[in-house]
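Comments concern the structure below.
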Amino acid sequence: MATPIHVMTKSIRSILTLITLVTLNANAQYESQFMNPQNAARTHLRLNPLAWDKRLERYAMWWANQRRKDCALIHSNGPYGENLFWGSGKNWSPVQAANGWLSEARNYNYNDNACNGGERMCGHYTQIMWRETRRIGCARVLCDGGLGVFIICNYDPPGNFLGRRPY
């Protein structure tokens with residue numbers, strides 16, 4: 001006798017939920033590694049610290065799993081602010097990603113509210129430092145086939161609006 005489709009669908013849903021929970025639990029070990037450097041930088045400018053948000057973490061994990069196949073630095077184009085990081089090999093940590101984004105501070109000119117020079121990046125830094133942002137959720141995955149590490153942080157409310165200063 002064949003198994004009814006609704007029973008198979010329920011089983012598949014249960015398996016996918018279990019995989020997501022295991023992945024999120026593995027990601028939980030990184031929470032402080034994501035938050036500590038970013039909140040330290042915000043504190044330095046007397047900005048409120050970011051709070052960890054499970055909804056944003058789930059969203060980040062969802063997108064990271066979409067990029068697991070190719071490790072491509074493609075934004076989700078979702079409703080949140082977003083910083084992406086890729087590193088070859090498998091040992092890149094959330095602290096290294098956060099510090100990389102924060103290193104863009106040297107490229108940001110507050111008086112001009114712009115990045116210095118034509119090709120220098122500062123948008124990752126300004127997203128972290130966006131005054132109105134209150135919540136953060138991040139994820140880290142190893143990409144298939146040894147393609148490296150994909151790291152993402154999502155921010156709510158988002159920042160980096162043209163013509164507005166981050167702080």
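Letters for chains follow the order of the structure tokens (A, B, ...), residue numbers begin at 1 for each chain, and ligand numbers begin at 1 in the order shown.
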Exercise. Tell me which protein, DNA and RNA residues are within 9 Å of A:Asp156, counting only C-alpha atoms, leaving out same-chain ones fewer than 6 positions away, and put them as a list in words.
Key: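 Near neighbours after the sequence-gap exclusion: Leu56, Pro79, Tyr80, Gly81, Glu132, Thr133, Arg134, Arg135, Ile136 and Gly137 of chain A.
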Enumerate the residues of chain A with a DSSP assignment of alpha helix (DSSP H), computed from the backbone, and present them as a ChimeraX atom specification. /A:5-28,31-44,54-67,94-102,123-128
List as a tab-separated table every residue of stretch 60-140 of chain A that is in contact with stretch 33-40 of chain A, defined as an atom at most 7 Å from one of its atoms (using only C-alpha atoms), together with the nearest atom pair and the distance in Å rounded to one decimal, sorted by chain and then rising number.
```
residue	atom	partner	partner_atom	distance
A:Pro94	CA	A:Phe34	CA	5.2
A:Val95	CA	A:Gln33	CA	5.2
A:Ala98	CA	A:Phe34	CA	6.5
A:Asn99	CA	A:Pro37	CA	6.8
A:Ile128	CA	A:Gln38	CA	6.6
```
| said: With distances taken over only C-alpha atoms, which residue among A:Cys122, A:Asn91, A:Arg131, A:Arg165 lies nearest A:Pro49? | reply: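 Of the candidates, the smallest distance to A:Pro49 is held by A:Arg131.
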Closest to A:Gly87 among A:Asn116, A:Val149, A:Tyr167, A:Tyr155, using only C-alpha atoms?
->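 That would be A:Val149, the residue with the smallest distance to A:Gly87.
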9 Å contact set for stretch 60-65 of chain A, only C-alpha atoms, chain neighbours under 4 positions out, as an mmCIF file with N, CA and C atoms, in the first residue's frame:
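What follows is the written file result_27.cif:
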```cif
data_model
loop_
_atom_site.group_PDB
_atom_site.id
_atom_site.type_symbol
_atom_site.label_atom_id
_atom_site.label_comp_id
_atom_site.auth_asym_id
_atom_site.auth_seq_id
_atom_site.Cartn_x
_atom_site.Cartn_y
_atom_site.Cartn_z
ATOM 1 N N THR A 20 16.650 22.929 9.843
ATOM 2 C CA THR A 20 16.731 24.363 10.116
ATOM 3 C C THR A 20 17.073 24.614 11.577
ATOM 4 N N THR A 23 20.707 23.835 12.217
ATOM 5 C CA THR A 23 21.540 24.883 11.633
ATOM 6 C C THR A 23 21.483 26.150 12.486
ATOM 7 N N LEU A 24 20.296 26.551 12.931
ATOM 8 C CA LEU A 24 20.175 27.743 13.770
ATOM 9 C C LEU A 24 20.886 27.557 15.100
ATOM 10 N N ASN A 27 24.442 28.036 14.578
ATOM 11 C CA ASN A 27 24.701 29.451 14.356
ATOM 12 C C ASN A 27 24.671 30.240 15.667
ATOM 13 N N ARG A 55 14.089 36.546 14.440
ATOM 14 C CA ARG A 55 13.436 36.656 13.128
ATOM 15 C C ARG A 55 14.480 37.033 12.072
ATOM 16 N N LEU A 56 15.333 37.989 12.391
ATOM 17 C CA LEU A 56 16.389 38.385 11.462
ATOM 18 C C LEU A 56 17.403 37.269 11.285
ATOM 19 N N LYS A 69 25.194 27.118 -2.255
ATOM 20 C CA LYS A 69 25.566 26.413 -3.490
ATOM 21 C C LYS A 69 26.718 27.076 -4.236
ATOM 22 N N CYS A 71 28.194 30.462 -3.056
ATOM 23 C CA CYS A 71 28.939 31.409 -2.215
ATOM 24 C C CYS A 71 29.011 32.801 -2.840
ATOM 25 N N HIS A 75 22.952 40.097 -2.849
ATOM 26 C CA HIS A 75 22.042 40.527 -1.794
ATOM 27 C C HIS A 75 20.665 39.908 -1.987
ATOM 28 N N SER A 76 19.967 39.719 -0.872
ATOM 29 C CA SER A 76 18.642 39.108 -0.898
ATOM 30 C C SER A 76 17.578 40.070 -1.422
ATOM 31 N N GLU A 82 21.568 44.969 4.958
ATOM 32 C CA GLU A 82 22.261 43.690 4.802
ATOM 33 C C GLU A 82 23.741 43.895 4.499
ATOM 34 N N GLY A 137 20.445 40.256 13.057
ATOM 35 C CA GLY A 137 20.419 38.798 13.000
ATOM 36 C C GLY A 137 21.370 38.365 11.900
ATOM 37 N N CYS A 138 22.179 37.366 12.166
ATOM 38 C CA CYS A 138 23.247 36.991 11.239
ATOM 39 C C CYS A 138 23.320 35.482 11.079
ATOM 40 N N ALA A 139 24.072 35.066 10.063
ATOM 41 C CA ALA A 139 24.291 33.639 9.833
ATOM 42 C C ALA A 139 25.636 33.435 9.148
ATOM 43 N N ARG A 140 26.177 32.241 9.362
ATOM 44 C CA ARG A 140 27.447 31.825 8.744
ATOM 45 C C ARG A 140 27.256 30.403 8.235
ATOM 46 N N VAL A 141 27.616 30.178 6.967
ATOM 47 C CA VAL A 141 27.544 28.824 6.413
ATOM 48 C C VAL A 141 28.820 28.503 5.651
ATOM 49 N N CYS A 143 30.169 26.882 2.368
ATOM 50 C CA CYS A 143 29.599 26.674 1.045
ATOM 51 C C CYS A 143 29.969 25.301 0.510
ATOM 52 N N PHE A 150 30.316 31.842 3.679
ATOM 53 C CA PHE A 150 29.398 32.946 3.387
ATOM 54 C C PHE A 150 28.830 33.423 4.710
ATOM 55 N N ILE A 151 28.945 34.727 4.962
ATOM 56 C CA ILE A 151 28.458 35.325 6.205
ATOM 57 C C ILE A 151 27.544 36.492 5.845
ATOM 58 N N ILE A 152 26.440 36.596 6.579
ATOM 59 C CA ILE A 152 25.463 37.653 6.333
ATOM 60 C C ILE A 152 24.945 38.188 7.655
ATOM 61 N N CYS A 153 24.752 39.500 7.720
ATOM 62 C CA CYS A 153 24.037 40.126 8.829
ATOM 63 C C CYS A 153 22.916 40.973 8.240
ATOM 64 N N ASN A 154 21.744 40.887 8.861
ATOM 65 C CA ASN A 154 20.603 41.711 8.484
ATOM 66 C C ASN A 154 20.291 42.677 9.617
#
```
- Item | 12 Å contact set for stretch 108-110 of chain A, only C-alpha atoms, chain neighbours under 2 positions out, as a list in words | Trp101, Leu102, Ser103, Glu104, Ala105, Arg106, Asp112, Asn113, Ala114, Cys115, Asn116, Gly117, Gly118, Glu119, Arg120, Met121, Cys122, Gly123, His124, Tyr125, Thr126, Gln127, Met129, Gly163, Arg164, Arg165, Pro166 and Tyr167 of chain A
